[in-house]
>>> print(open('upload_19.pdb').read())   # PDB, C-alpha atoms
MODEL        1
ATOM      1  CA  MET A   1      54.572 104.628 110.880
ATOM      2  CA  SER A   2      51.506 103.031 112.447
ATOM      3  CA  ILE A   3      48.335 105.101 112.587
ATOM      4  CA  LEU A   4      48.261 104.419 116.320
ATOM      5  CA  SER A   5      51.776 105.757 116.831
ATOM      6  CA  PRO A   6      51.894 109.572 116.941
ATOM      7  CA  ASP A   7      54.577 111.533 115.173
ATOM      8  CA  PRO A   8      57.225 112.553 117.727
ATOM      9  CA  VAL A   9      56.335 115.554 119.885
ATOM     10  CA  ASP A  10      58.342 116.397 122.966
ATOM     11  CA  ASP A  11      55.730 117.154 125.621
ATOM     12  CA  LEU A  12      57.106 119.877 127.817
ATOM     13  CA  ILE A  13      55.872 120.553 131.309
ATOM     14  CA  TRP A  14      53.871 123.736 131.644
ATOM     15  CA  ASN A  15      56.276 125.780 133.745
ATOM     16  CA  ALA A  16      59.142 125.175 131.333
ATOM     17  CA  ALA A  17      56.961 126.088 128.354
ATOM     18  CA  TRP A  18      55.610 129.227 130.048
ATOM     19  CA  ARG A  19      59.144 130.626 130.370
ATOM     20  CA  SER A  20      59.187 130.966 126.594
ATOM     21  CA  PRO A  21      57.853 134.387 125.408
ATOM     22  CA  ILE A  22      56.849 132.796 122.113
ATOM     23  CA  PHE A  23      54.780 130.177 123.930
ATOM     24  CA  ARG A  24      53.060 132.826 126.043
ATOM     25  CA  ARG A  25      52.119 134.837 122.972
ATOM     26  CA  LYS A  26      50.885 131.776 121.110
ATOM     27  CA  PHE A  27      48.969 130.571 124.164
ATOM     28  CA  ILE A  28      47.151 133.897 124.611
ATOM     29  CA  ALA A  29      46.416 134.193 120.880
ATOM     30  CA  GLY A  30      45.109 130.631 120.758
ATOM     31  CA  VAL A  31      42.865 130.991 123.797
ATOM     32  CA  LEU A  32      41.441 134.335 122.640
ATOM     33  CA  SER A  33      40.751 132.948 119.165
ATOM     34  CA  PHE A  34      39.094 129.877 120.681
ATOM     35  CA  LEU A  35      36.837 132.016 122.916
ATOM     36  CA  ALA A  36      35.930 134.312 120.013
ATOM     37  CA  LEU A  37      34.982 131.260 117.980
ATOM     38  CA  LEU A  38      32.700 129.947 120.719
ATOM     39  CA  GLY A  39      31.056 133.356 120.954
ATOM     40  CA  ALA A  40      30.406 133.420 117.201
ATOM     41  CA  PHE A  41      28.892 129.934 117.050
ATOM     42  CA  PRO A  42      25.303 130.836 118.116
ATOM     43  CA  ILE A  43      25.057 133.622 115.518
ATOM     44  CA  PHE A  44      26.542 131.479 112.777
ATOM     45  CA  PHE A  45      24.278 128.504 113.444
ATOM     46  CA  GLN A  46      21.173 130.673 113.483
ATOM     47  CA  ILE A  47      22.172 132.110 110.099
ATOM     48  CA  ILE A  48      22.750 128.758 108.415
ATOM     49  CA  GLU A  49      19.357 127.502 109.558
ATOM     50  CA  ARG A  50      17.848 130.034 107.138
ATOM     51  CA  HIS A  51      19.785 128.554 104.219
ATOM     52  CA  SER A  52      18.295 125.993 101.884
ATOM     53  CA  GLY A  53      19.937 123.299  99.796
ATOM     54  CA  PRO A  54      19.337 119.904  98.207
ATOM     55  CA  VAL A  55      18.457 116.672  99.979
ATOM     56  CA  LEU A  56      21.086 114.126  98.973
ATOM     57  CA  ASN A  57      20.237 110.652  97.739
ATOM     58  CA  ASP A  58      22.261 108.725 100.315
ATOM     59  CA  TRP A  59      22.006 104.964  99.804
ATOM     60  CA  VAL A  60      23.725 104.253 103.132
ATOM     61  CA  LEU A  61      21.110 106.195 105.091
ATOM     62  CA  ALA A  62      18.383 104.552 103.035
ATOM     63  CA  THR A  63      19.438 101.174 104.436
ATOM     64  CA  LEU A  64      19.462 102.346 108.075
ATOM     65  CA  VAL A  65      16.364 102.608 110.260
ATOM     66  CA  PRO A  66      16.670 105.895 112.209
ATOM     67  CA  ARG A  67      17.271 105.378 115.942
ATOM     68  CA  ASP A  68      17.936 107.796 118.783
ATOM     69  CA  VAL A  69      21.488 107.070 119.950
ATOM     70  CA  SER A  70      22.236 110.541 121.327
ATOM     71  CA  LEU A  71      23.380 109.317 124.722
ATOM     72  CA  ILE A  72      25.974 106.974 123.222
ATOM     73  CA  ILE A  73      27.269 109.622 120.805
ATOM     74  CA  PHE A  74      27.752 112.275 123.430
ATOM     75  CA  GLY A  75      28.975 109.781 126.014
ATOM     76  CA  VAL A  76      31.811 108.777 123.696
ATOM     77  CA  ILE A  77      32.623 112.371 122.704
ATOM     78  CA  TRP A  78      32.655 113.756 126.240
ATOM     79  CA  ALA A  79      34.626 110.792 127.575
ATOM     80  CA  SER A  80      37.246 111.509 124.911
ATOM     81  CA  ALA A  81      37.195 115.209 125.804
ATOM     82  CA  ILE A  82      37.770 114.399 129.485
ATOM     83  CA  LEU A  83      40.702 112.182 128.545
ATOM     84  CA  LEU A  84      42.131 115.061 126.508
ATOM     85  CA  VAL A  85      41.827 117.430 129.489
ATOM     86  CA  VAL A  86      43.596 114.924 131.725
ATOM     87  CA  ARG A  87      46.502 114.616 129.283
ATOM     88  CA  VAL A  88      46.683 118.382 128.732
ATOM     89  CA  ARG A  89      47.444 118.885 132.420
ATOM     90  CA  ARG A  90      50.959 117.563 131.786
ATOM     91  CA  SER A  91      51.347 118.512 128.151
ATOM     92  CA  PRO A  92      51.202 122.075 126.814
ATOM     93  CA  ALA A  93      52.030 120.618 123.394
ATOM     94  CA  ILE A  94      48.728 118.715 123.270
ATOM     95  CA  PHE A  95      46.853 121.840 124.358
ATOM     96  CA  MET A  96      48.424 124.015 121.678
ATOM     97  CA  MET A  97      47.896 121.438 118.946
ATOM     98  CA  PHE A  98      44.233 121.024 119.833
ATOM     99  CA  VAL A  99      43.370 124.727 120.233
ATOM    100  CA  TYR A 100      44.982 125.845 116.986
ATOM    101  CA  SER A 101      43.728 122.858 115.006
ATOM    102  CA  TYR A 102      40.187 123.172 116.359
ATOM    103  CA  PHE A 103      40.130 126.840 115.396
ATOM    104  CA  LEU A 104      41.204 126.068 111.824
ATOM    105  CA  ILE A 105      38.776 123.162 111.499
ATOM    106  CA  SER A 106      35.889 125.269 112.760
ATOM    107  CA  LEU A 107      36.671 128.074 110.316
ATOM    108  CA  SER A 108      36.862 125.594 107.459
ATOM    109  CA  ARG A 109      33.511 124.117 108.481
ATOM    110  CA  MET A 110      31.928 127.552 108.536
ATOM    111  CA  ILE A 111      33.148 128.105 104.989
ATOM    112  CA  SER A 112      32.144 124.675 103.686
ATOM    113  CA  ILE A 113      28.681 124.820 105.276
ATOM    114  CA  ASN A 114      28.069 128.164 103.548
ATOM    115  CA  LEU A 115      29.502 127.043 100.212
ATOM    116  CA  PHE A 116      27.630 123.725 100.184
ATOM    117  CA  PRO A 117      24.303 124.267 101.973
ATOM    118  CA  LEU A 118      22.251 121.105 102.409
ATOM    119  CA  ASN A 119      18.843 120.329 103.776
ATOM    120  CA  PRO A 120      18.873 117.662 106.499
ATOM    121  CA  PRO A 121      18.517 113.960 105.707
ATOM    122  CA  PRO A 122      15.042 112.403 105.787
ATOM    123  CA  GLY A 123      14.291 110.703 109.090
ATOM    124  CA  LEU A 124      16.632 112.911 111.124
ATOM    125  CA  ILE A 125      16.196 112.424 114.875
ATOM    126  CA  PRO A 126      17.302 115.504 116.859
ATOM    127  CA  MET A 127      20.190 114.948 119.248
ATOM    128  CA  VAL A 128      19.846 116.248 122.777
ATOM    129  CA  ASP A 129      22.955 117.369 124.638
ATOM    130  CA  PRO A 130      22.628 120.362 127.001
ATOM    131  CA  ILE A 131      26.355 121.178 126.899
ATOM    132  CA  THR A 132      26.823 121.217 123.132
ATOM    133  CA  ASN A 133      23.420 122.754 122.444
ATOM    134  CA  ALA A 134      24.377 125.781 124.548
ATOM    135  CA  PHE A 135      26.773 126.812 121.762
ATOM    136  CA  TYR A 136      23.993 126.518 119.190
ATOM    137  CA  GLY A 137      22.053 129.364 120.781
ATOM    138  CA  LYS A 138      19.592 127.041 122.548
ATOM    139  CA  VAL A 139      17.995 126.161 119.198
ATOM    140  CA  TYR A 140      18.335 122.727 117.629
ATOM    141  CA  ILE A 141      20.376 122.971 114.444
ATOM    142  CA  THR A 142      19.700 120.695 111.480
ATOM    143  CA  LYS A 143      21.803 122.269 108.701
ATOM    144  CA  ASP A 144      25.241 122.041 110.318
ATOM    145  CA  LEU A 145      26.079 119.320 107.823
ATOM    146  CA  PHE A 146      29.172 119.302 105.578
ATOM    147  CA  TYR A 147      31.346 118.386 107.223
ATOM    148  CA  SER A 148      30.495 116.757 110.553
ATOM    149  CA  GLY A 149      31.635 118.714 113.592
ATOM    150  CA  HIS A 150      31.070 115.804 115.977
ATOM    151  CA  THR A 151      33.244 113.474 113.917
ATOM    152  CA  SER A 152      35.971 116.027 113.266
ATOM    153  CA  THR A 153      36.214 116.959 116.951
ATOM    154  CA  ILE A 154      36.691 113.445 118.280
ATOM    155  CA  PHE A 155      39.030 112.550 115.400
ATOM    156  CA  LEU A 156      41.094 115.640 116.231
ATOM    157  CA  ILE A 157      41.316 114.474 119.839
ATOM    158  CA  PHE A 158      42.679 111.161 118.540
ATOM    159  CA  LEU A 159      45.307 112.967 116.466
ATOM    160  CA  CYS A 160      46.424 115.164 119.370
ATOM    161  CA  LEU A 161      46.784 112.440 121.986
ATOM    162  CA  ARG A 162      50.240 110.931 122.409
ATOM    163  CA  GLN A 163      49.841 107.623 124.251
ATOM    164  CA  ARG A 164      49.157 104.545 122.132
ATOM    165  CA  THR A 165      46.319 103.233 124.326
ATOM    166  CA  ASP A 166      44.647 106.648 124.382
ATOM    167  CA  ARG A 167      44.825 106.869 120.614
ATOM    168  CA  LEU A 168      43.456 103.381 120.098
ATOM    169  CA  LEU A 169      40.455 104.041 122.353
ATOM    170  CA  VAL A 170      39.638 107.409 120.792
ATOM    171  CA  LEU A 171      40.145 106.118 117.241
ATOM    172  CA  ILE A 172      37.574 103.422 117.972
ATOM    173  CA  GLY A 173      35.369 106.112 119.500
ATOM    174  CA  SER A 174      35.703 108.198 116.324
ATOM    175  CA  LEU A 175      34.482 105.321 114.175
ATOM    176  CA  ILE A 176      31.605 104.652 116.582
ATOM    177  CA  VAL A 177      30.513 108.292 116.582
ATOM    178  CA  GLY A 178      30.680 108.521 112.792
ATOM    179  CA  ALA A 179      28.580 105.370 112.399
ATOM    180  CA  LEU A 180      26.000 106.381 115.011
ATOM    181  CA  LEU A 181      25.531 109.819 113.447
ATOM    182  CA  LEU A 182      24.368 107.959 110.354
ATOM    183  CA  VAL A 183      22.122 105.686 112.412
ATOM    184  CA  GLN A 184      20.430 108.763 113.854
ATOM    185  CA  HIS A 185      20.312 110.338 110.363
ATOM    186  CA  VAL A 186      21.913 113.519 111.714
ATOM    187  CA  HIS A 187      24.449 113.602 108.860
ATOM    188  CA  TYR A 188      24.866 112.328 105.345
ATOM    189  CA  THR A 189      27.603 109.786 104.704
ATOM    190  CA  ILE A 190      29.641 112.413 102.856
ATOM    191  CA  ASP A 191      29.551 114.636 105.961
ATOM    192  CA  VAL A 192      31.118 111.950 108.129
ATOM    193  CA  MET A 193      33.662 110.833 105.532
ATOM    194  CA  GLY A 194      34.559 114.449 104.817
ATOM    195  CA  ALA A 195      35.321 115.013 108.497
ATOM    196  CA  PHE A 196      38.057 112.358 108.454
ATOM    197  CA  VAL A 197      39.480 113.705 105.187
ATOM    198  CA  PHE A 198      39.593 117.398 106.139
ATOM    199  CA  THR A 199      40.535 117.122 109.806
ATOM    200  CA  TYR A 200      43.996 115.652 109.246
ATOM    201  CA  PRO A 201      45.513 118.436 107.083
ATOM    202  CA  PHE A 202      44.114 121.114 109.401
ATOM    203  CA  TYR A 203      45.573 119.225 112.344
ATOM    204  CA  ARG A 204      48.978 119.281 110.644
ATOM    205  CA  LEU A 205      48.695 123.011 110.035
ATOM    206  CA  GLY A 206      47.410 123.677 113.544
ATOM    207  CA  LYS A 207      50.235 121.624 115.009
ATOM    208  CA  TRP A 208      52.785 123.664 113.090
ATOM    209  CA  LEU A 209      51.216 126.971 114.132
ATOM    210  CA  GLY A 210      50.869 125.951 117.763
ATOM    211  CA  LEU A 211      54.282 124.361 118.285
ATOM    212  CA  SER A 212      56.662 126.259 116.038
ATOM    213  CA  GLY A 213      59.132 128.541 117.741
ATOM    214  CA  TRP A 214      58.797 127.445 121.345
ATOM    215  CA  ASN A 215      59.101 123.658 121.101
ATOM    216  CA  ASN A 216      62.883 123.925 120.799
ATOM    217  CA  ARG A 217      66.079 122.392 122.088
ATOM    218  CA  GLU A 218      66.545 124.947 124.854
ATOM    219  CA  LEU A 219      63.198 124.068 126.444
ATOM    220  CA  GLN A 220      63.694 120.327 125.911
ATOM    221  CA  ASP A 221      66.840 120.439 128.002
ATOM    222  CA  GLU A 222      65.113 122.088 130.979
TER     223      GLU A 222
ENDMDL
END
>>> encode(input="upload_19.pdb", output="structure tokens")
Amino acid sequence: MSILSPDPVDDLIWNAAWRSPIFRRKFIAGVLSFLALLGAFPIFFQIIERHSGPVLNDWVLATLVPRDVSLIIFGVIWASAILLVVRVRRSPAIFMMFVYSYFLISLSRMISINLFPLNPPPGLIPMVDPITNAFYGKVYITKDLFYSGHTSTIFLIFLCLRQRTDRLLVLIGSLIVGALLLVQHVHYTIDVMGAFVFTYPFYRLGKWLGLSGWNNRELQDE
């Protein structure tokens, strides 16, 4: 199976899906968990800024002159997010996959950041994005490192989208974001590579949690 071709998911229209009690319960649980996560982010990020860890000897970063490419990074991420929202309007399956997977990925990042605290790379140039920074408690965060949240988020969007053209565009966007995070010295190479490695299994688990039980033959026939 081509990486650009998604595994089969029958995208059900919202009103058909909502008639399933299982879907309603999963939808409410997913949304509440997602909102609780967003509420916890500012506290968590303020805590990790007090942690201290090693500065990694990253030969890739050593070859790159730091440049401020914030606008490109967030332009690509938010364009991908808008595309996701557009597709979600006709696909509850995409919504459920993304919400449950994002929750699992975020929890795993919270654990990994605490288990493997790192000091930021030399030459780091702060990224400015008023929307994302609002979840950081209005304080710029430098130790949100292993693994990269920016890379994992856009790569998750790629995994959740169904149309081949959408997936191709967002896959390219994922590679661009990962590369530009290194150019800006916001992350170590291992942070970006780790995002691609860890996001996929959590997407698979999130997909199973979000779709199991309601994505069934009865609803497909409606």
>>> residues_around(input="upload_19.pdb", residues="Phe44 in chain A", least_positions_apart="2", cutoff="12 Å", atoms="only C-alpha atoms", output="PDB file with C-alpha atoms, in the frame of the given file")
ATOM      1  CA  LEU A  37      34.982 131.260 117.980  1.00  0.00           C
ATOM      2  CA  LEU A  38      32.700 129.947 120.719  1.00  0.00           C
ATOM      3  CA  GLY A  39      31.056 133.356 120.954  1.00  0.00           C
ATOM      4  CA  ALA A  40      30.406 133.420 117.201  1.00  0.00           C
ATOM      5  CA  PHE A  41      28.892 129.934 117.050  1.00  0.00           C
ATOM      6  CA  PRO A  42      25.303 130.836 118.116  1.00  0.00           C
ATOM      7  CA  GLN A  46      21.173 130.673 113.483  1.00  0.00           C
ATOM      8  CA  ILE A  47      22.172 132.110 110.099  1.00  0.00           C
ATOM      9  CA  ILE A  48      22.750 128.758 108.415  1.00  0.00           C
ATOM     10  CA  GLU A  49      19.357 127.502 109.558  1.00  0.00           C
ATOM     11  CA  ARG A  50      17.848 130.034 107.138  1.00  0.00           C
ATOM     12  CA  HIS A  51      19.785 128.554 104.219  1.00  0.00           C
ATOM     13  CA  SER A 106      35.889 125.269 112.760  1.00  0.00           C
ATOM     14  CA  LEU A 107      36.671 128.074 110.316  1.00  0.00           C
ATOM     15  CA  ARG A 109      33.511 124.117 108.481  1.00  0.00           C
ATOM     16  CA  MET A 110      31.928 127.552 108.536  1.00  0.00           C
ATOM     17  CA  ILE A 111      33.148 128.105 104.989  1.00  0.00           C
ATOM     18  CA  ILE A 113      28.681 124.820 105.276  1.00  0.00           C
ATOM     19  CA  ASN A 114      28.069 128.164 103.548  1.00  0.00           C
ATOM     20  CA  PHE A 135      26.773 126.812 121.762  1.00  0.00           C
ATOM     21  CA  TYR A 136      23.993 126.518 119.190  1.00  0.00           C
ATOM     22  CA  GLY A 137      22.053 129.364 120.781  1.00  0.00           C
ATOM     23  CA  VAL A 139      17.995 126.161 119.198  1.00  0.00           C
ATOM     24  CA  ILE A 141      20.376 122.971 114.444  1.00  0.00           C
ATOM     25  CA  LYS A 143      21.803 122.269 108.701  1.00  0.00           C
ATOM     26  CA  ASP A 144      25.241 122.041 110.318  1.00  0.00           C
TER      27      ASP A 144
END
>>> residues_around(input="upload_19.pdb", residues="Ala62 in chain A", least_positions_apart="3", cutoff="12 Å", atoms="only C-alpha atoms", output="number ranges by chain")
A: 56-59, 65-66, 121-124, 182-185, 188-189
>>> resolve_selection(input="upload_19.pdb", expression="the PyMOL selection byres ((chain A and resi 195-212) around 9)", output="PyMOL selection string")
chain A and resi 22-23+26-27+30+93-105+108+146-153+155-156+159-160+190-194+213-216
>>> write_last_selection(input="upload_19.pdb", atoms="C-alpha atoms", output="tab-separated table (two decimals), keeping the file's coordinate frame")
chain	number	residue	atom	x	y	z
A	22	ILE	CA	56.85	132.80	122.11
A	23	PHE	CA	54.78	130.18	123.93
A	26	LYS	CA	50.88	131.78	121.11
A	27	PHE	CA	48.97	130.57	124.16
A	30	GLY	CA	45.11	130.63	120.76
A	93	ALA	CA	52.03	120.62	123.39
A	94	ILE	CA	48.73	118.72	123.27
A	95	PHE	CA	46.85	121.84	124.36
A	96	MET	CA	48.42	124.02	121.68
A	97	MET	CA	47.90	121.44	118.95
A	98	PHE	CA	44.23	121.02	119.83
A	99	VAL	CA	43.37	124.73	120.23
A	100	TYR	CA	44.98	125.84	116.99
A	101	SER	CA	43.73	122.86	115.01
A	102	TYR	CA	40.19	123.17	116.36
A	103	PHE	CA	40.13	126.84	115.40
A	104	LEU	CA	41.20	126.07	111.82
A	105	ILE	CA	38.78	123.16	111.50
A	108	SER	CA	36.86	125.59	107.46
A	146	PHE	CA	29.17	119.30	105.58
A	147	TYR	CA	31.35	118.39	107.22
A	148	SER	CA	30.50	116.76	110.55
A	149	GLY	CA	31.64	118.71	113.59
A	150	HIS	CA	31.07	115.80	115.98
A	151	THR	CA	33.24	113.47	113.92
A	152	SER	CA	35.97	116.03	113.27
A	153	THR	CA	36.21	116.96	116.95
A	155	PHE	CA	39.03	112.55	115.40
A	156	LEU	CA	41.09	115.64	116.23
A	159	LEU	CA	45.31	112.97	116.47
A	160	CYS	CA	46.42	115.16	119.37
A	190	ILE	CA	29.64	112.41	102.86
A	191	ASP	CA	29.55	114.64	105.96
A	192	VAL	CA	31.12	111.95	108.13
A	193	MET	CA	33.66	110.83	105.53
A	194	GLY	CA	34.56	114.45	104.82
A	213	GLY	CA	59.13	128.54	117.74
A	214	TRP	CA	58.80	127.44	121.34
A	215	ASN	CA	59.10	123.66	121.10
A	216	ASN	CA	62.88	123.92	120.80
>>> closest_residue(input="upload_19.pdb", among="A:Val60, A:Leu145, A:Ile172, A:Leu181", to="Ser80 in chain A", atoms="only C-alpha atoms")
A:Ile172
>>> atom_distance(input="upload_19.pdb", atom1="CA of Val55 in chain A", atom2="CA of Pro120 in chain A")
6.6 Å
>>> closest_residue(input="upload_19.pdb", among="A:Leu161, A:Leu115, A:Ile43, A:Ile82", to="Ser5 in chain A", atoms="all atoms listed in the file")
A:Leu161
>>> closest_residue(input="upload_19.pdb", among="A:Leu168, A:Ile154, A:Ala179, A:Met127", to="Asp68 in chain A", atoms="all atoms listed in the file")
A:Met127
>>> atom_distance(input="upload_19.pdb", atom1="CA of Pro92 in chain A", atom2="CA of Ile3 in chain A")
22.3 Å
>>> residues_around(input="upload_19.pdb", residues="Asp166 in chain A", least_positions_apart="6", cutoff="10 Å", atoms="only C-alpha atoms", output="compact mmCIF listing (two decimals) with C-alpha atoms, in the coordinates of the input")
# COMPACT_ATOMS: atom_id res chain seq x y z
CA LEU A 4 48.26 104.42 116.32
CA SER A 80 37.25 111.51 124.91
CA LEU A 83 40.70 112.18 128.54
CA LEU A 84 42.13 115.06 126.51
CA ARG A 87 46.50 114.62 129.28
CA ILE A 157 41.32 114.47 119.84
CA PHE A 158 42.68 111.16 118.54
>>> closest_residue(input="upload_19.pdb", among="A:Leu171, A:Val128, A:Val88, A:Ala29", to="Trp14 in chain A", atoms="only C-alpha atoms")
A:Val88
>>> closest_residue(input="upload_19.pdb", among="A:Ile28, A:Ile125, A:Ile13, A:Ile176", to="Phe74 in chain A", atoms="all atoms listed in the file")
A:Ile176
>>> closest_residue(input="upload_19.pdb", among="A:Val86, A:Val186, A:Val76, A:Val69", to="Ser174 in chain A", atoms="all atoms listed in the file")
A:Val76
>>> atom_distance(input="upload_19.pdb", atom1="CA of Arg164 in chain A", atom2="CA of Leu71 in chain A")
26.3 Å
>>> axis_aligned_box(input="upload_19.pdb", around="range 159-170 of chain A", padding_each_side="4 Å", output="AutoDock Vina command-line options")
--center_x 44.9 --center_y 109.2 --center_z 120.4 --size_x 18.6 --size_y 19.9 --size_z 15.9
